[in-house]
Every structure is written in structure tokens, then in C-alpha cells.
$ cat protein-v9.json   # JSON, C-alpha atoms
[["chain", "number", "residue", "atom", "x", "y", "z"],
["V", 19, "MET", "CA", 104.35, 161.77, 87.86],
["V", 20, "SER", "CA", 104.83, 162.61, 84.22],
["V", 21, "CYS", "CA", 107.11, 161.24, 81.56],
["V", 22, "PRO", "CA", 110.29, 163.33, 81.22],
["V", 23, "GLU", "CA", 110.04, 165.64, 78.20],
["V", 24, "GLU", "CA", 113.26, 164.16, 76.80],
["V", 25, "LEU", "CA", 111.58, 160.75, 76.52],
["V", 26, "VAL", "CA", 108.48, 162.25, 74.92],
["V", 27, "ALA", "CA", 110.64, 163.97, 72.28],
["V", 28, "LEU", "CA", 112.74, 160.85, 71.66],
["V", 29, "GLU", "CA", 109.67, 158.67, 71.19],
["V", 30, "ALA", "CA", 108.21, 161.19, 68.71],
["V", 31, "PHE", "CA", 111.53, 161.09, 66.84],
["V", 32, "TRP", "CA", 111.39, 157.24, 66.79],
["V", 33, "HIS", "CA", 107.86, 157.37, 65.31],
["V", 34, "ALA", "CA", 108.96, 159.89, 62.66],
["V", 35, "LYS", "CA", 111.92, 157.69, 61.66],
["V", 36, "ARG", "CA", 109.71, 154.60, 61.59],
["V", 37, "GLY", "CA", 107.28, 156.13, 59.13],
["V", 38, "GLU", "CA", 105.00, 153.43, 57.67],
["V", 39, "ARG", "CA", 107.25, 150.54, 58.76],
["V", 40, "LEU", "CA", 106.77, 148.48, 61.92],
["V", 41, "LEU", "CA", 110.29, 149.41, 63.06],
["V", 42, "PRO", "CA", 112.93, 151.94, 62.16],
["V", 43, "SER", "CA", 116.43, 150.58, 61.54],
["V", 44, "ARG", "CA", 119.65, 151.43, 63.35],
["V", 45, "ALA", "CA", 120.80, 153.21, 60.19],
["V", 46, "ASP", "CA", 117.90, 155.67, 60.61],
["V", 47, "PHE", "CA", 119.59, 157.12, 63.71],
["V", 48, "THR", "CA", 122.89, 158.96, 63.34],
["V", 49, "PRO", "CA", 124.89, 160.19, 66.33],
["V", 50, "LEU", "CA", 124.12, 163.72, 65.15],
["V", 51, "ASP", "CA", 120.38, 162.95, 65.19],
["V", 52, "LEU", "CA", 120.64, 161.53, 68.71],
["V", 53, "ARG", "CA", 122.84, 164.30, 70.05],
["V", 54, "PRO", "CA", 120.21, 165.81, 72.41],
["V", 55, "TRP", "CA", 119.86, 162.43, 74.18],
["V", 56, "LEU", "CA", 123.23, 160.77, 73.59],
["V", 57, "GLY", "CA", 124.60, 160.69, 77.15],
["V", 58, "ASN", "CA", 121.36, 159.14, 78.39],
["V", 59, "LEU", "CA", 121.19, 156.38, 75.78],
["V", 60, "ALA", "CA", 122.33, 152.79, 75.64],
["V", 61, "MET", "CA", 122.33, 150.55, 72.59],
["V", 62, "VAL", "CA", 121.35, 146.96, 73.31],
["V", 63, "VAL", "CA", 121.70, 144.16, 70.74],
["V", 64, "VAL", "CA", 119.34, 141.20, 70.64],
["V", 65, "GLU", "CA", 121.27, 137.92, 70.41],
["V", 66, "ARG", "CA", 119.15, 134.89, 69.57],
["V", 67, "GLU", "CA", 121.75, 132.11, 69.46],
["V", 68, "PRO", "CA", 122.31, 129.92, 71.38],
["V", 69, "VAL", "CA", 119.62, 131.52, 73.61],
["V", 70, "LEU", "CA", 117.84, 134.88, 73.60],
["V", 71, "ARG", "CA", 119.96, 137.49, 75.42],
["V", 72, "PHE", "CA", 120.38, 141.26, 75.40],
["V", 73, "ARG", "CA", 123.93, 142.68, 75.23],
["V", 74, "VAL", "CA", 124.79, 146.34, 75.85],
["V", 75, "THR", "CA", 126.96, 147.60, 73.00],
["V", 76, "LEU", "CA", 127.06, 151.23, 74.09],
["V", 77, "SER", "CA", 126.36, 152.92, 77.41],
["V", 78, "GLY", "CA", 126.07, 156.71, 77.50],
["V", 79, "THR", "CA", 128.34, 158.71, 79.77],
["V", 80, "ARG", "CA", 125.48, 160.03, 81.92],
["V", 81, "LEU", "CA", 124.19, 156.48, 82.39],
["V", 82, "ASP", "CA", 127.64, 155.44, 83.55],
["V", 83, "ASP", "CA", 127.61, 158.36, 85.98],
["V", 84, "TYR", "CA", 124.15, 157.40, 87.33],
["V", 85, "ARG", "CA", 125.21, 153.79, 87.73],
["V", 86, "GLY", "CA", 128.79, 154.37, 88.80],
["V", 87, "TRP", "CA", 130.31, 152.05, 86.17],
["V", 88, "ASN", "CA", 130.20, 151.24, 82.46],
["V", 89, "ILE", "CA", 128.29, 148.15, 81.33],
["V", 90, "THR", "CA", 129.28, 148.19, 77.65],
["V", 91, "GLY", "CA", 129.79, 144.63, 76.42],
["V", 92, "GLN", "CA", 127.82, 143.05, 79.26],
["V", 93, "TYR", "CA", 124.54, 141.16, 79.13],
["V", 94, "ILE", "CA", 121.48, 142.65, 80.83],
["V", 95, "ASP", "CA", 120.89, 139.42, 82.76],
["V", 96, "THR", "CA", 124.39, 139.46, 84.30],
["V", 97, "VAL", "CA", 124.98, 143.13, 85.11],
["V", 98, "GLY", "CA", 123.22, 143.09, 88.47],
["V", 99, "GLU", "CA", 119.90, 142.25, 90.02],
["V", 100, "ALA", "CA", 118.35, 145.71, 89.55],
["V", 101, "ILE", "CA", 119.24, 145.89, 85.86],
["V", 102, "ALA", "CA", 118.40, 142.21, 85.25],
["V", 103, "GLY", "CA", 114.97, 143.02, 86.66],
["V", 104, "THR", "CA", 114.28, 145.08, 83.52],
["V", 105, "LEU", "CA", 114.28, 141.93, 81.30],
["V", 106, "PRO", "CA", 110.46, 141.58, 81.27],
["V", 107, "HIS", "CA", 110.24, 145.07, 79.75],
["V", 108, "TYR", "CA", 112.66, 144.10, 77.00],
["V", 109, "MET", "CA", 110.51, 141.04, 76.26],
["V", 110, "VAL", "CA", 107.33, 143.15, 76.03],
["V", 111, "SER", "CA", 108.99, 145.57, 73.60],
["V", 112, "LEU", "CA", 110.54, 142.70, 71.61],
["V", 113, "GLU", "CA", 107.18, 140.95, 71.19],
["V", 114, "SER", "CA", 105.04, 144.06, 70.63],
["V", 115, "ARG", "CA", 107.61, 145.93, 68.50],
["V", 116, "GLN", "CA", 106.52, 149.06, 70.37],
["V", 117, "PRO", "CA", 108.20, 151.48, 72.75],
["V", 118, "VAL", "CA", 107.92, 150.49, 76.39],
["V", 119, "HIS", "CA", 108.09, 152.93, 79.32],
["V", 120, "PHE", "CA", 108.70, 152.00, 82.92],
["V", 121, "ILE", "CA", 110.09, 153.15, 86.23],
["V", 122, "HIS", "CA", 113.43, 151.64, 87.17],
["V", 123, "ASP", "CA", 114.52, 151.47, 90.80],
["V", 124, "ASN", "CA", 118.16, 152.53, 90.66],
["V", 125, "SER", "CA", 118.70, 152.59, 94.43],
["V", 126, "ALA", "CA", 120.99, 149.54, 94.27],
["V", 127, "ASN", "CA", 123.30, 151.50, 91.98],
["V", 128, "SER", "CA", 123.12, 155.07, 93.24],
["V", 129, "ALA", "CA", 122.25, 156.99, 96.36],
["V", 130, "ILE", "CA", 121.76, 160.14, 94.30],
["V", 131, "TYR", "CA", 119.49, 158.96, 91.47],
["V", 132, "ARG", "CA", 117.14, 156.45, 92.96],
["V", 133, "THR", "CA", 114.21, 156.42, 90.56],
["V", 134, "MET", "CA", 114.73, 156.48, 86.81],
["V", 135, "ALA", "CA", 112.26, 156.82, 83.94],
["V", 136, "LYS", "CA", 113.29, 154.33, 81.26],
["V", 137, "MET", "CA", 112.10, 153.83, 77.70],
["V", 138, "LEU", "CA", 112.98, 151.05, 75.29],
["V", 139, "LEU", "CA", 112.74, 151.76, 71.56],
["V", 140, "PRO", "CA", 112.94, 148.67, 69.35],
["V", 141, "LEU", "CA", 114.86, 148.78, 66.06],
["V", 142, "GLY", "CA", 114.96, 146.31, 63.19],
["V", 143, "ASP", "CA", 117.19, 146.46, 60.15],
["V", 144, "ASP", "CA", 114.56, 144.59, 58.11],
["V", 145, "GLY", "CA", 111.75, 146.78, 59.49],
["V", 146, "ILE", "CA", 110.05, 143.74, 61.04],
["V", 147, "THR", "CA", 112.37, 141.81, 63.39],
["V", 148, "VAL", "CA", 113.67, 143.53, 66.50],
["V", 149, "ASP", "CA", 117.45, 143.21, 66.46],
["V", 150, "ARG", "CA", 118.40, 145.97, 68.91],
["V", 151, "PHE", "CA", 117.03, 148.59, 71.26],
["V", 152, "VAL", "CA", 117.75, 152.17, 72.07],
["V", 153, "ALA", "CA", 117.33, 152.41, 75.83],
["V", 154, "ALA", "CA", 116.87, 155.93, 77.19],
["V", 155, "ILE", "CA", 117.12, 156.61, 80.91],
["V", 156, "TYR", "CA", 116.48, 159.84, 82.81],
["V", 157, "PRO", "CA", 116.37, 160.44, 86.57],
["V", 158, "LEU", "CA", 113.08, 161.59, 87.98],
["V", 159, "ARG", "CA", 112.93, 164.64, 90.20],
["V", 160, "ALA", "CA", 113.38, 163.87, 93.89],
["V", 161, "ASN", "CA", 109.73, 164.62, 94.68],
["V", 162, "ASP", "CA", 108.53, 162.43, 91.82],
["V", 163, "SER", "CA", 110.43, 159.44, 93.17],
["V", 164, "LEU", "CA", 108.16, 159.44, 96.23],
["V", 165, "LEU", "CA", 105.11, 158.75, 94.10],
["V", 166, "PRO", "CA", 104.03, 155.21, 93.29],
["V", 167, "ALA", "CA", 105.06, 153.86, 89.88],
["V", 168, "ALA", "CA", 101.40, 153.55, 88.86],
["V", 169, "ASP", "CA", 101.30, 157.34, 88.65],
["V", 170, "TYR", "CA", 103.86, 157.37, 85.84],
["V", 171, "ALA", "CA", 102.23, 158.88, 82.75],
["V", 172, "LEU", "CA", 103.35, 157.12, 79.59],
["V", 173, "ALA", "CA", 104.24, 159.05, 76.47],
["V", 174, "GLY", "CA", 102.61, 158.40, 73.12]]
$ encode --input "protein-v9.json" --output "C-alpha cells"
Amino acid sequence: MSCPEELVALEAFWHAKRGERLLPSRADFTPLDLRPWLGNLAMVVVEREPVLRFRVTLSGTRLDDYRGWNITGQYIDTVGEAIAGTLPHYMVSLESRQPVHFIHDNSANSAIYRTMAKMLLPLGDDGITVDRFVAAIYPLRANDSLLPAADYALAG
């Protein structure tokens, strides 16, 4: 199974915006810049006090359609078991300051879109500390969802 072309293009855009820095900042991405992906994006803020948590500040309209509800304002660890199961991927991206790709089992949320390709892009206003993520999610073709997750080809 291959990485959806939308994720490949978005990761290339992230790298271009990052330039020589470890991380691009939120200010580097305007809604106009993100227009090709906007409905499939979520913005997730890193909150460090009193404990480390990830709060969704924006959920794209297509994501809401895939899921069946809007999760804006909610924490990843409280939204539901399937979404809370993505926390280890957020931690890997937070610690590595690199994009992370993975397969997300969406079957608990949708009978139509069961397997999703997900990518986390870390952002940092100071160029060093991850303070938010752009999360991009695209459904995989029906035939692709039958393949094991190990066959998922990562971009970059």
C-alpha cells in the first residue's frame, strides 16, 4: 500500500516551509497555502501544564464527515479509544520533531472509511520546541485497507 499522494505533497510543503530550521512555525502556514488539504486537516495544540496533553483546536470538515462528529476543543486522550490509540504517534513526532506516518483503524467511527492514512507534522513557533501539530488524514482505497499495515509505504 502506498502513501496517498496528498500526504506526500503536504510533507514536501512542510519541508519547504521548514527550510534550515528544525521546525516550521504555525505562522508559516496560511489557510490559502493549506487550501488543497484543508478539509482533511486538524490542528492539535501541545499543552504541557499541568500534564502533557494534545487538544484539537480545529477539525476539518472531511474529518468530521469520516468520523461522524466534530472533535474541536477535545483532548486526543478523551475523544474515544480509537483516536486515543494514536497518542504514541504524537509522542514519537513530539520527541523526534519529524513527520510521522501511520495507519489508523477508523472502524470504530465509520463503516464507510475503515482504514485511514494519517500523518502528523510538528510545528514550533521558536523553530525548536513542538507546540502544535498539523494532522492530515486520508481514507485508503477499499482494496488497500485489506493489506497489512506493514505494507504502508512512508513518504519522505
$ axis_aligned_box --input "protein-v9.json" --around "range 92-98 of chain V" --padding-each-side "3 Å" --output "AutoDock Vina command-line options"
--center_x 124.4 --center_y 141.3 --center_z 83.8 --size_x 12.9 --size_y 9.7 --size_z 15.3
$ closest_residue --input "protein-v9.json" --among "V:Leu28, V:Tyr93, V:Val152, V:Asn88" --to "Glu65 in chain V" --atoms "all atoms listed in the file"
V:Tyr93
$ closest_residue --input "protein-v9.json" --among "V:Pro42, V:Pro22, V:Gly37, V:Gly91" --to "Leu141 in chain V" --atoms "all atoms listed in the file"
V:Pro42
$ closest_residue --input "protein-v9.json" --among "V:Asp46, V:Glu24, V:Glu67, V:Asp82" --to "Ala135 in chain V" --atoms "all atoms listed in the file"
V:Glu24
$ closest_residue --input "protein-v9.json" --among "V:His119, V:Arg66, V:His33, V:Arg71" --to "Gln92 in chain V" --atoms "only C-alpha atoms"
V:Arg71
$ residues_near_point --input "protein-v9.json" --point "(123.6, 145.6, 76.5)" --cutoff "10 Å" --atoms "all atoms listed in the file" --output "list of chain:residue names"
V:Ala60, V:Met61, V:Val62, V:Val63, V:Val64, V:Arg71, V:Phe72, V:Arg73, V:Val74, V:Thr75, V:Leu76, V:Ser77, V:Ile89, V:Thr90, V:Gly91, V:Gln92, V:Tyr93, V:Ile94, V:Asp95, V:Thr96, V:Val97, V:Arg150, V:Phe151, V:Val152, V:Ala153
$ atom_distance --input "protein-v9.json" --atom1 "CA of Thr104 in chain V" --atom2 "CA of Asp143 in chain V"
23.6 Å
$ closest_residue --input "protein-v9.json" --among "V:Glu99, V:Glu23, V:Asp83, V:Glu113" --to "Leu40 in chain V" --atoms "all atoms listed in the file"
V:Glu113
$ atom_distance --input "protein-v9.json" --atom1 "CA of Gly57 in chain V" --atom2 "CA of Gly145 in chain V"
25.9 Å
$ atom_distance --input "protein-v9.json" --atom1 "CA of Ile155 in chain V" --atom2 "CA of Leu41 in chain V"
20.4 Å
